[in-house]
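Have a look at model25.txt; it's compact mmCIF, C-alpha atoms (C1' of nucleotides):
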```
# COMPACT_ATOMS: atom_id res chain seq x y z
CA MET S 8 -215.80 -83.85 102.25
CA THR S 9 -217.15 -86.99 100.70
CA VAL S 10 -220.52 -85.30 100.46
CA ARG S 11 -219.11 -82.21 98.81
CA ALA S 12 -217.06 -84.28 96.41
CA GLY S 13 -220.21 -86.21 95.54
CA ALA S 14 -222.13 -83.02 94.93
CA ALA S 15 -219.33 -81.69 92.77
CA ARG S 16 -219.26 -84.87 90.72
CA GLN S 17 -223.01 -84.65 90.34
CA GLN S 18 -222.69 -81.11 89.07
CA ASP S 19 -220.00 -82.12 86.62
CA ASP S 20 -222.19 -84.88 85.28
CA ASP S 21 -225.03 -82.40 84.94
CA LEU S 22 -222.98 -80.51 82.39
CA LEU S 23 -222.69 -83.45 80.02
CA LEU S 24 -224.25 -82.46 76.74
CA GLU S 25 -225.93 -85.80 76.28
CA GLN S 26 -227.85 -85.38 79.52
CA GLN S 27 -229.27 -81.95 78.83
CA LEU S 28 -233.04 -81.95 78.50
CA CYS S 29 -232.87 -78.60 76.75
CA PHE S 30 -230.56 -80.10 74.16
CA ALA S 31 -232.73 -83.17 73.56
CA LEU S 32 -235.74 -80.90 73.35
CA THR S 33 -234.29 -78.58 70.73
CA VAL S 34 -232.98 -81.48 68.67
CA ALA S 35 -236.36 -83.22 68.87
CA SER S 36 -238.14 -80.05 67.86
CA ARG S 37 -235.86 -79.45 64.88
CA SER S 38 -236.03 -83.11 63.88
CA VAL S 39 -239.80 -83.32 63.98
CA VAL S 40 -240.24 -80.02 62.14
CA GLY S 41 -237.70 -81.31 59.62
CA ALA S 42 -239.75 -84.46 59.18
CA TYR S 43 -242.77 -82.32 58.29
CA LYS S 44 -240.84 -80.46 55.64
CA PRO S 45 -241.18 -82.82 52.66
CA VAL S 46 -244.87 -83.33 53.49
CA LEU S 47 -245.68 -79.63 53.82
CA GLU S 48 -243.67 -78.71 50.76
CA LYS S 49 -246.35 -80.34 48.66
CA LEU S 50 -248.82 -77.85 50.13
CA GLY S 51 -246.46 -74.94 49.60
CA LEU S 52 -246.14 -74.25 53.33
CA THR S 53 -243.35 -74.04 55.86
CA HIS S 54 -244.05 -75.46 59.30
CA PRO S 55 -244.74 -72.10 60.98
CA GLN S 56 -247.02 -71.22 58.08
CA TYR S 57 -248.83 -74.53 58.53
CA LEU S 58 -249.53 -73.64 62.14
CA VAL S 59 -250.96 -70.27 61.10
CA MET S 60 -253.20 -72.02 58.60
CA LEU S 61 -254.41 -74.42 61.30
CA CYS S 62 -255.37 -71.34 63.30
CA LEU S 63 -257.30 -69.87 60.41
CA TRP S 64 -259.04 -73.09 59.47
CA GLU S 65 -260.42 -73.16 62.98
CA SER S 66 -261.62 -69.58 62.90
CA ALA S 67 -261.44 -66.88 60.24
CA PRO S 68 -261.28 -64.02 59.85
CA ARG S 69 -259.35 -63.18 62.97
CA THR S 70 -256.84 -60.58 64.07
CA LEU S 71 -253.07 -60.85 63.99
CA ARG S 72 -253.01 -60.58 67.75
CA SER S 73 -255.42 -63.47 68.11
CA ILE S 74 -253.18 -65.65 65.94
CA SER S 75 -250.11 -64.48 67.81
CA GLU S 76 -251.67 -65.51 71.12
CA ALA S 77 -252.91 -68.85 69.83
CA LEU S 78 -249.41 -69.71 68.60
CA ALA S 79 -247.64 -68.23 71.62
CA GLN S 80 -245.50 -66.06 69.42
CA ALA S 81 -244.65 -62.38 69.21
CA PRO S 82 -246.77 -60.27 66.86
CA ALA S 83 -243.53 -59.22 65.18
CA THR S 84 -242.94 -62.86 64.23
CA ILE S 85 -246.42 -63.32 62.79
CA SER S 86 -246.54 -60.10 60.80
CA PRO S 87 -244.01 -60.99 58.06
CA LEU S 88 -245.26 -64.56 58.09
CA LEU S 89 -248.73 -63.35 57.13
CA ARG S 90 -247.24 -61.16 54.42
CA ARG S 91 -245.64 -64.24 52.86
CA LEU S 92 -248.88 -66.21 53.17
CA GLU S 93 -250.66 -63.39 51.40
CA GLU S 94 -248.05 -63.42 48.64
CA ALA S 95 -248.58 -67.17 48.34
CA GLY S 96 -252.28 -66.50 47.83
CA PHE S 97 -253.59 -68.29 50.91
CA VAL S 98 -254.70 -65.43 53.15
CA THR S 99 -256.11 -61.92 52.88
CA ARG S 100 -255.11 -58.96 55.03
CA GLN S 101 -257.48 -56.05 55.35
CA ARG S 102 -257.97 -53.24 57.77
CA ALA S 103 -261.66 -53.40 58.31
CA ASP S 104 -264.45 -54.15 60.76
CA GLY S 105 -264.79 -50.61 62.10
CA ASN S 106 -261.40 -50.64 63.84
CA GLU S 107 -258.55 -49.31 61.76
CA ARG S 108 -255.94 -50.59 64.16
CA THR S 109 -256.68 -54.27 63.87
CA LEU S 110 -255.92 -56.44 60.90
CA ALA S 111 -258.58 -58.86 59.69
CA VAL S 112 -256.78 -61.94 58.44
CA GLY S 113 -258.98 -64.15 56.29
CA LEU S 114 -258.71 -67.10 53.95
CA THR S 115 -258.68 -66.90 50.18
CA PRO S 116 -260.54 -69.66 48.30
CA ALA S 117 -257.14 -71.29 47.71
CA GLY S 118 -256.34 -71.06 51.40
CA ALA S 119 -259.67 -72.60 52.37
CA ALA S 120 -259.29 -75.32 49.75
CA LEU S 121 -255.82 -76.21 51.00
CA ARG S 122 -257.45 -77.68 54.08
CA GLN S 123 -258.62 -80.66 52.02
CA GLN S 124 -255.00 -81.58 51.43
CA ALA S 125 -253.97 -80.79 54.98
CA VAL S 126 -256.36 -83.21 56.65
CA ALA S 127 -254.07 -86.03 55.59
CA VAL S 128 -250.98 -84.47 57.16
CA PRO S 129 -251.37 -85.60 60.80
CA GLY S 130 -252.00 -89.20 59.75
CA THR S 131 -249.12 -89.15 57.31
CA MET S 132 -246.79 -87.80 59.96
CA MET S 133 -247.88 -90.32 62.56
CA GLU S 134 -247.14 -93.07 60.09
CA ARG S 135 -243.81 -91.59 59.02
CA LEU S 136 -242.70 -91.27 62.62
CA GLY S 137 -244.00 -94.71 63.45
CA LEU S 138 -246.00 -93.40 66.39
CA THR S 139 -249.35 -94.61 67.60
CA ARG S 140 -252.12 -92.20 68.50
CA GLU S 141 -251.52 -93.12 72.13
CA GLN S 142 -247.83 -92.31 71.97
CA VAL S 143 -248.59 -88.99 70.34
CA GLY S 144 -251.08 -88.23 73.09
CA ALA S 145 -248.61 -89.11 75.83
CA LEU S 146 -245.87 -86.98 74.29
CA HIS S 147 -248.30 -84.14 73.82
CA LYS S 148 -249.23 -84.33 77.47
CA SER S 149 -245.56 -84.27 78.51
CA MET S 150 -244.97 -81.18 76.41
CA MET S 151 -247.96 -79.41 77.90
CA GLY S 152 -246.60 -80.13 81.33
CA LEU S 153 -243.24 -78.70 80.38
CA ILE S 154 -244.87 -75.58 78.96
CA ALA S 155 -246.83 -75.17 82.18
CA ALA S 156 -243.59 -75.50 84.16
CA THR S 157 -242.00 -72.63 82.24
CA ALA S 158 -245.07 -70.45 82.63
CA GLY S 159 -244.58 -70.35 86.38
CA SER S 160 -240.90 -69.64 86.71
CA SER S 161 -239.52 -67.92 83.67
CA GLY S 162 -242.33 -65.57 82.72
CA GLN S 163 -241.98 -63.66 85.95
CA PRO S 164 -238.44 -63.99 87.26
CA VAL S 165 -238.79 -65.77 90.57
CA GLY S 166 -236.95 -63.81 93.17
CA GLU S 167 -236.15 -60.45 91.65
CA MET O 24 -271.20 -94.32 55.53
CA THR O 25 -271.13 -94.11 59.28
CA VAL O 26 -267.61 -95.43 59.20
CA ARG O 27 -266.49 -92.91 56.64
CA ALA O 28 -268.16 -90.09 58.50
CA GLY O 29 -266.34 -91.25 61.61
CA ALA O 30 -263.01 -91.29 59.83
CA ALA O 31 -263.67 -87.84 58.40
CA ARG O 32 -264.53 -86.49 61.82
CA GLN O 33 -261.35 -88.03 63.19
CA GLN O 34 -259.33 -86.31 60.50
CA ASP O 35 -261.00 -83.00 61.22
CA ASP O 36 -260.16 -83.32 64.89
CA ASP O 37 -256.59 -84.15 63.95
CA LEU O 38 -256.25 -80.67 62.48
CA LEU O 39 -257.04 -78.91 65.74
CA LEU O 40 -254.09 -76.77 66.67
CA GLU O 41 -254.29 -77.70 70.32
CA GLN O 42 -253.84 -81.37 69.50
CA GLN O 43 -250.73 -81.03 67.36
CA LEU O 44 -247.70 -82.65 68.89
CA CYS O 45 -245.46 -80.62 66.60
CA PHE O 46 -247.04 -77.45 67.95
CA ALA O 47 -246.68 -78.46 71.60
CA LEU O 48 -243.11 -79.49 70.88
CA THR O 49 -242.07 -76.21 69.30
CA VAL O 50 -243.77 -74.18 72.02
CA ALA O 51 -242.11 -76.30 74.72
CA SER O 52 -238.75 -75.90 73.04
CA ARG O 53 -239.07 -72.14 72.75
CA SER O 54 -240.42 -71.86 76.28
CA VAL O 55 -237.63 -73.88 77.86
CA VAL O 56 -234.95 -72.07 75.88
CA GLY O 57 -236.59 -68.82 76.91
CA ALA O 58 -236.43 -69.90 80.55
CA TYR O 59 -232.68 -70.38 80.18
CA LYS O 60 -232.23 -66.90 78.80
CA PRO O 61 -232.04 -64.85 82.03
CA VAL O 62 -229.75 -67.47 83.56
CA LEU O 63 -227.38 -67.66 80.58
CA GLU O 64 -227.33 -63.90 80.14
CA LYS O 65 -225.27 -63.70 83.31
CA LEU O 66 -222.65 -65.87 81.60
CA GLY O 67 -222.81 -63.82 78.41
CA LEU O 68 -224.11 -66.74 76.35
CA THR O 69 -227.12 -67.47 74.21
CA HIS O 70 -228.60 -70.94 74.44
CA PRO O 71 -227.00 -72.28 71.24
CA GLN O 72 -223.69 -70.82 72.40
CA TYR O 73 -224.13 -72.56 75.75
CA LEU O 74 -224.50 -75.89 73.94
CA VAL O 75 -221.30 -75.26 72.01
CA MET O 76 -219.49 -74.48 75.25
CA LEU O 77 -220.78 -77.73 76.79
CA CYS O 78 -219.24 -79.49 73.80
CA LEU O 79 -215.91 -77.82 74.32
CA TRP O 80 -215.83 -78.33 78.08
CA GLU O 81 -216.13 -82.03 77.39
CA SER O 82 -213.36 -82.07 74.84
CA ALA O 83 -211.13 -79.36 73.43
CA PRO O 84 -209.66 -78.56 71.08
CA ARG O 85 -211.90 -80.13 68.51
CA THR O 86 -212.95 -79.47 64.94
CA LEU O 87 -215.97 -77.55 63.75
CA ARG O 88 -217.30 -80.70 62.17
CA SER O 89 -217.05 -82.59 65.42
CA ILE O 90 -219.07 -79.88 67.17
CA SER O 91 -221.55 -79.78 64.34
CA GLU O 92 -222.12 -83.53 64.62
CA ALA O 93 -222.37 -83.50 68.41
CA LEU O 94 -225.05 -80.80 68.24
CA ALA O 95 -226.82 -82.28 65.21
CA GLN O 96 -226.53 -79.04 63.33
CA ALA O 97 -225.25 -77.95 59.94
CA PRO O 98 -221.64 -76.72 59.80
CA ALA O 99 -223.00 -73.52 58.29
CA THR O 100 -224.93 -72.90 61.51
CA ILE O 101 -221.92 -73.49 63.73
CA SER O 102 -219.46 -71.42 61.75
CA PRO O 103 -220.82 -67.93 62.53
CA LEU O 104 -221.68 -69.05 66.04
CA LEU O 105 -218.01 -69.82 66.67
CA ARG O 106 -217.04 -66.47 65.22
CA ARG O 107 -219.24 -64.74 67.79
CA LEU O 108 -217.85 -66.90 70.61
CA GLU O 109 -214.37 -65.91 69.50
CA GLU O 110 -215.35 -62.24 69.52
CA ALA O 111 -216.74 -62.76 73.03
CA GLY O 112 -213.34 -64.10 74.05
CA PHE O 113 -214.39 -67.62 74.96
CA VAL O 114 -212.92 -69.71 72.14
CA THR O 115 -209.96 -69.73 69.79
CA ARG O 116 -210.02 -70.67 66.12
CA GLN O 117 -206.85 -71.75 64.44
CA ARG O 118 -205.93 -73.68 61.37
CA ALA O 119 -203.34 -76.01 62.72
CA ASP O 120 -202.51 -79.59 63.58
CA GLY O 121 -200.97 -80.46 60.21
CA ASN O 122 -204.23 -80.27 58.31
CA GLU O 123 -204.97 -76.88 56.81
CA ARG O 124 -208.57 -77.77 56.07
CA THR O 125 -209.72 -78.40 59.58
CA LEU O 126 -210.32 -75.77 62.21
CA ALA O 127 -209.04 -76.39 65.73
CA VAL O 128 -211.55 -74.83 68.08
CA GLY O 129 -210.15 -74.38 71.56
CA LEU O 130 -210.97 -72.65 74.83
CA THR O 131 -209.47 -69.39 76.00
CA PRO O 132 -208.72 -69.08 79.73
CA ALA O 133 -211.96 -67.07 80.03
CA GLY O 134 -213.84 -69.80 78.21
CA ALA O 135 -212.41 -72.50 80.44
CA ALA O 136 -213.10 -70.45 83.55
CA LEU O 137 -216.70 -69.90 82.54
CA ARG O 138 -217.35 -73.55 83.31
CA GLN O 139 -217.18 -72.79 87.03
CA GLN O 140 -220.24 -70.60 86.65
CA ALA O 141 -221.97 -72.99 84.30
CA VAL O 142 -221.95 -75.95 86.66
CA ALA O 143 -224.76 -74.28 88.60
CA VAL O 144 -226.97 -73.86 85.53
CA PRO O 145 -228.61 -77.30 85.32
CA GLY O 146 -229.53 -77.22 88.99
CA THR O 147 -230.83 -73.67 88.74
CA MET O 148 -232.96 -74.57 85.77
CA MET O 149 -234.36 -77.70 87.38
CA GLU O 150 -235.40 -75.60 90.33
CA ARG O 151 -236.83 -72.81 88.19
CA LEU O 152 -238.89 -75.27 86.20
CA GLY O 153 -239.92 -77.11 89.34
CA LEU O 154 -238.82 -80.43 87.92
CA THR O 155 -237.30 -83.33 89.78
CA ARG O 156 -234.28 -85.16 88.47
CA GLU O 157 -236.58 -88.09 87.70
CA GLN O 158 -238.97 -85.96 85.67
CA VAL O 159 -236.09 -84.50 83.71
CA GLY O 160 -234.82 -88.00 83.03
CA ALA O 161 -238.21 -89.21 81.84
CA LEU O 162 -238.67 -86.23 79.55
CA HIS O 163 -235.17 -86.66 78.22
CA LYS O 164 -235.94 -90.26 77.41
CA SER O 165 -239.14 -89.29 75.60
CA MET O 166 -237.24 -86.78 73.50
CA MET O 167 -234.60 -89.31 72.59
CA GLY O 168 -237.34 -91.66 71.45
CA LEU O 169 -238.84 -88.96 69.30
CA ILE O 170 -235.46 -88.14 67.77
CA ALA O 171 -234.96 -91.82 67.00
CA ALA O 172 -238.38 -91.91 65.35
CA THR O 173 -237.44 -89.09 62.99
CA ALA O 174 -234.11 -90.67 62.15
CA GLY O 175 -235.85 -93.58 60.50
CA SER O 176 -238.46 -91.89 58.37
CA SER O 177 -237.48 -88.40 57.46
CA GLY O 178 -233.78 -88.72 56.86
CA GLN O 179 -234.30 -90.89 53.83
CA PRO O 180 -237.64 -90.07 52.21
CA VAL O 181 -239.60 -93.28 52.50
CA GLY O 182 -240.98 -94.14 49.14
CA GLU O 183 -239.20 -91.96 46.64
C1' DC W 4 -263.80 -31.26 73.21
C1' DG W 5 -258.99 -32.14 73.49
C1' DC W 6 -255.17 -34.67 75.32
C1' DT W 7 -253.09 -38.61 76.60
C1' DA W 8 -252.41 -43.38 77.76
C1' DA W 9 -253.18 -47.82 75.95
C1' DC W 10 -253.27 -50.63 72.12
C1' DA W 11 -252.46 -52.98 67.14
C1' DA W 12 -249.46 -53.65 63.87
C1' DT W 13 -245.12 -52.85 61.51
C1' DT W 14 -240.14 -52.02 61.07
C1' DA W 15 -235.27 -52.40 62.46
C1' DG W 16 -231.71 -55.10 64.15
C1' DT W 17 -229.58 -59.44 66.05
C1' DG W 18 -229.00 -64.26 66.11
C1' DC W 19 -230.32 -69.17 64.64
C1' DA W 20 -231.05 -72.72 61.25
C1' DC W 21 -231.15 -74.51 56.81
C1' DT W 22 -229.85 -75.29 51.65
C1' DA W 23 -226.90 -74.36 47.99
C1' DA W 24 -222.88 -72.64 46.06
C1' DC W 25 -218.04 -71.75 46.59
C1' DT W 26 -212.97 -72.05 48.13
C1' DA W 27 -209.30 -74.45 49.55
C1' DT W 28 -207.01 -78.55 50.85
C1' DT W 29 -206.16 -83.39 50.91
C1' DG W 30 -205.40 -87.93 49.57
C1' DG W 31 -205.89 -91.65 46.64
C1' DA W 32 -206.22 -93.96 41.83
C1' DG W 33 -204.21 -94.44 37.59
C1' DC I 16 -196.42 -87.80 39.89
C1' DT I 17 -200.76 -85.88 38.42
C1' DC I 18 -205.38 -85.31 38.35
C1' DC I 19 -209.70 -85.59 40.53
C1' DA I 20 -213.12 -86.84 43.84
C1' DA I 21 -213.95 -86.25 48.59
C1' DT I 22 -213.61 -83.35 52.56
C1' DA I 23 -213.64 -78.91 55.78
C1' DG I 24 -215.09 -74.69 56.26
C1' DT I 25 -217.14 -70.31 54.73
C1' DT I 26 -220.45 -67.35 52.35
C1' DA I 27 -224.97 -66.12 50.32
C1' DG I 28 -229.73 -66.11 50.67
C1' DT I 29 -234.28 -67.25 52.87
C1' DG I 30 -237.18 -67.66 56.74
C1' DC I 31 -238.07 -67.76 61.98
C1' DA I 32 -238.00 -65.72 66.51
C1' DC I 33 -237.11 -62.23 69.64
C1' DT I 34 -236.60 -57.22 71.63
C1' DA I 35 -237.03 -52.48 71.04
C1' DA I 36 -238.56 -48.60 68.69
C1' DT I 37 -242.03 -46.51 65.61
C1' DT I 38 -246.52 -45.38 63.51
C1' DG I 39 -251.09 -44.93 63.63
C1' DT I 40 -255.61 -45.49 66.00
C1' DT I 41 -258.75 -45.71 69.77
C1' DA I 42 -260.85 -44.63 73.89
C1' DG I 43 -261.24 -42.61 78.15
C1' DC I 44 -260.46 -38.81 81.43
C1' DG I 45 -260.59 -34.16 82.82
```

In structure tokens, what does this structure look like?
Amino acid sequence: MTVRAGAARQQDDDLLLEQQLCFALTVASRSVVGAYKPVLEKLGLTHPQYLVMLCLWESAPRTLRSISEALAQAPATISPLLRRLEEAGFVTRQRADGNERTLAVGLTPAGAALRQQAVAVPGTMMERLGLTREQVGALHKSMMGLIAATAGSSGQPVGE
Amino acid sequence: MTVRAGAARQQDDDLLLEQQLCFALTVASRSVVGAYKPVLEKLGLTHPQYLVMLCLWESAPRTLRSISEALAQAPATISPLLRRLEEAGFVTRQRADGNERTLAVGLTPAGAALRQQAVAVPGTMMERLGLTREQVGALHKSMMGLIAATAGSSGQPVGE
DNA sequence: CGCTAACAATTAGTGCACTAACTATTGGAG
DNA sequence: CTCCAATAGTTAGTGCACTAATTGTTAGCG
């Protein structure tokens, strides 16, 4: 009885909003992305668009699918995002390279040039958040661990 | 020259997608929320709706603004969310308590009863993610630190 | 060769999240 | 008491993110 009452109390405590990791995680994510906003606005990018540009600065041209996999997002999320980046004049979208199915996403001169402004962003953000490079590294490592944890159990439902 | 080349190389590395904390954070957030999905589906809730219900199970009735502040979200985000929870039969929305401006958001019997199913959620998720209570606590603490970091620098633009 | 299964991207539809604009109410200062 | 600034909530509009359905293309199998 005492044991079951203890377990019940534990479960009740587990429902407290302030203790939810998922809550802290979503708030942290929104807060950090929000902190990027004024910085990225000067480049004319939203945060998801910034991530796509990071992808392309590393390797371009590349396919939509390749970007979608690198960002761990559905192709249907990336597609309209690329359309807006094309409208903004940063990327090109052509059906080329001998395969009519795939889209070759490339950089315009403006898109390539934007990188010169973007190199300052990580440093600016670290300063704004008051984080050291070591703290950023530790947090990054924690997040990677969490991502790995979800890969095992939620991708393929465990017991069904 | 060597120093400046070193700094430039550092900045270039800082733009690597795989090193971005903001990227790891958003992926982790989406992954964890995604892991909740099959579990919360059985309760008929989305993840944001689950957070609202946690709020209400702690204290009800309460105003929209109070929920909005507890969840660190804009009232305009909460408003339609409450409408959908009302349609689902979990909450009530009335203009009452002597102040016609404020909305009293309460629980229906179904909404209150849902808590009995929800108490199992945190434990289920911990198991699914393969995390110990200690790991969850450590991650939670990291997230709170990150949220605190954003509160200082991005809320009020620093130098302008 | 022709058919079909797999694949790449887009579109449609739902729900979040945010800013800005709007409505309605309240409460306090003159 | 009256006006007016502050407050509470909703609505409009944009952009993300996801699932499911659709279109078009490719490649492989008989």

- May I ask which of the residues O:Glu81, O:Asp120, O:Glu157, O:Glu64 is the closest one to chain S, counting all atoms listed in the file? O:Glu81

- Task: Within 12 Å of chain I, which residues of chain O are there when counting only C-alpha atoms (C1' of nucleotides)? Please give them as a ChimeraX atom specification.
- Result: /O:49-50,53-54,56-57,60,86-89,91,97-103,105-106,116-118,122-127

Would you write out those residues with C-alpha atoms, as an mmCIF file, in the coordinates of the input?
```
data_model
loop_
_atom_site.group_PDB
_atom_site.id
_atom_site.type_symbol
_atom_site.label_atom_id
_atom_site.label_comp_id
_atom_site.auth_asym_id
_atom_site.auth_seq_id
_atom_site.Cartn_x
_atom_site.Cartn_y
_atom_site.Cartn_z
ATOM 1 C CA THR O 49 -242.070 -76.210 69.300
ATOM 2 C CA VAL O 50 -243.770 -74.180 72.020
ATOM 3 C CA ARG O 53 -239.070 -72.140 72.750
ATOM 4 C CA SER O 54 -240.420 -71.860 76.280
ATOM 5 C CA VAL O 56 -234.950 -72.070 75.880
ATOM 6 C CA GLY O 57 -236.590 -68.820 76.910
ATOM 7 C CA LYS O 60 -232.230 -66.900 78.800
ATOM 8 C CA THR O 86 -212.950 -79.470 64.940
ATOM 9 C CA LEU O 87 -215.970 -77.550 63.750
ATOM 10 C CA ARG O 88 -217.300 -80.700 62.170
ATOM 11 C CA SER O 89 -217.050 -82.590 65.420
ATOM 12 C CA SER O 91 -221.550 -79.780 64.340
ATOM 13 C CA ALA O 97 -225.250 -77.950 59.940
ATOM 14 C CA PRO O 98 -221.640 -76.720 59.800
ATOM 15 C CA ALA O 99 -223.000 -73.520 58.290
ATOM 16 C CA THR O 100 -224.930 -72.900 61.510
ATOM 17 C CA ILE O 101 -221.920 -73.490 63.730
ATOM 18 C CA SER O 102 -219.460 -71.420 61.750
ATOM 19 C CA PRO O 103 -220.820 -67.930 62.530
ATOM 20 C CA LEU O 105 -218.010 -69.820 66.670
ATOM 21 C CA ARG O 106 -217.040 -66.470 65.220
ATOM 22 C CA ARG O 116 -210.020 -70.670 66.120
ATOM 23 C CA GLN O 117 -206.850 -71.750 64.440
ATOM 24 C CA ARG O 118 -205.930 -73.680 61.370
ATOM 25 C CA ASN O 122 -204.230 -80.270 58.310
ATOM 26 C CA GLU O 123 -204.970 -76.880 56.810
ATOM 27 C CA ARG O 124 -208.570 -77.770 56.070
ATOM 28 C CA THR O 125 -209.720 -78.400 59.580
ATOM 29 C CA LEU O 126 -210.320 -75.770 62.210
ATOM 30 C CA ALA O 127 -209.040 -76.390 65.730
#
```

- Select residues of chain W: the criterion is any atom within 9 Å of an atom of chain S, counting only C-alpha atoms (C1' of nucleotides); output as a list in words. DC10, DA11, DA12, DT13 and DT14 of chain W

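In this comparison, which uses only C-alpha atoms, the residue of O:Arg107, O:Lys65, O:Arg85, O:Arg151 approaching chain S most closely is O:Arg151.
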
- Identify all chain S residues at most 7 Å from chain O by counting all atoms listed in the file; ligands do not count. Present them as a PyMOL selection string. chain S and resi 18-19+21-24+28-29+31-33+35-36+38-40+42+61-62+126+129+135-137+143+147+150-151+153-154+156-157+160-161

- Item | Selection near Ala111 in chain O, 10 Å with all atoms listed in the file, sequence-local residues under 2 positions removed, as a list of chain:residue names | O:Gly67, O:Leu68, O:Leu105, O:Arg106, O:Arg107, O:Leu108, O:Glu109, O:Phe113, O:Val114, O:Ala133, O:Gly134

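Counting from CA of Leu50 in chain S, the distance to CA of Pro116 in chain S is 14.4 Å.
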
- To one decimal place, how far is CA of Gly113 in chain S from CA of Ile74 in chain S in Å?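 Computed distance, CA of Gly113 in chain S to CA of Ile74 in chain S, equals 11.4 Å.
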
- At what distance in Å, to one decimal, does CA of Val128 in chain O lie from CA of Leu104 in chain O?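 Computing it gives 11.8 Å between the two atoms.
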
What does range 28-57 of chain S look like written to a file with C-alpha atoms, as a PDB file, in the first residue's frame?
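Just written: decode_22.pdb:
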```
ATOM      1  CA  LEU S  28      11.495  17.471 -20.668  1.00  0.00           C
ATOM      2  CA  CYS S  29       9.416  17.707 -23.815  1.00  0.00           C
ATOM      3  CA  PHE S  30       8.070  21.043 -22.651  1.00  0.00           C
ATOM      4  CA  ALA S  31      11.497  22.451 -21.772  1.00  0.00           C
ATOM      5  CA  LEU S  32      12.783  21.189 -25.090  1.00  0.00           C
ATOM      6  CA  THR S  33      10.106  22.836 -27.199  1.00  0.00           C
ATOM      7  CA  VAL S  34      10.394  26.098 -25.288  1.00  0.00           C
ATOM      8  CA  ALA S  35      14.182  26.040 -25.660  1.00  0.00           C
ATOM      9  CA  SER S  36      13.883  25.334 -29.351  1.00  0.00           C
ATOM     10  CA  ARG S  37      11.412  28.160 -29.924  1.00  0.00           C
ATOM     11  CA  SER S  38      13.442  30.523 -27.747  1.00  0.00           C
ATOM     12  CA  VAL S  39      16.725  29.856 -29.494  1.00  0.00           C
ATOM     13  CA  VAL S  40      15.165  30.084 -32.952  1.00  0.00           C
ATOM     14  CA  GLY S  41      13.524  33.309 -31.798  1.00  0.00           C
ATOM     15  CA  ALA S  42      16.900  34.634 -30.724  1.00  0.00           C
ATOM     16  CA  TYR S  43      18.215  34.030 -34.248  1.00  0.00           C
ATOM     17  CA  LYS S  44      15.372  35.975 -35.785  1.00  0.00           C
ATOM     18  CA  PRO S  45      16.690  39.548 -35.521  1.00  0.00           C
ATOM     19  CA  VAL S  46      20.122  38.372 -36.686  1.00  0.00           C
ATOM     20  CA  LEU S  47      18.838  36.416 -39.682  1.00  0.00           C
ATOM     21  CA  GLU S  48      16.403  39.135 -40.669  1.00  0.00           C
ATOM     22  CA  LYS S  49      19.365  41.209 -41.761  1.00  0.00           C
ATOM     23  CA  LEU S  50      20.219  38.447 -44.225  1.00  0.00           C
ATOM     24  CA  GLY S  51      16.627  38.143 -45.385  1.00  0.00           C
ATOM     25  CA  LEU S  52      16.290  34.578 -44.102  1.00  0.00           C
ATOM     26  CA  THR S  53      14.045  32.709 -41.710  1.00  0.00           C
ATOM     27  CA  HIS S  54      15.683  30.091 -39.523  1.00  0.00           C
ATOM     28  CA  PRO S  55      14.593  27.088 -41.619  1.00  0.00           C
ATOM     29  CA  GLN S  56      15.787  28.931 -44.710  1.00  0.00           C
ATOM     30  CA  TYR S  57      19.124  29.562 -43.006  1.00  0.00           C
TER      31      TYR S  57
END
```
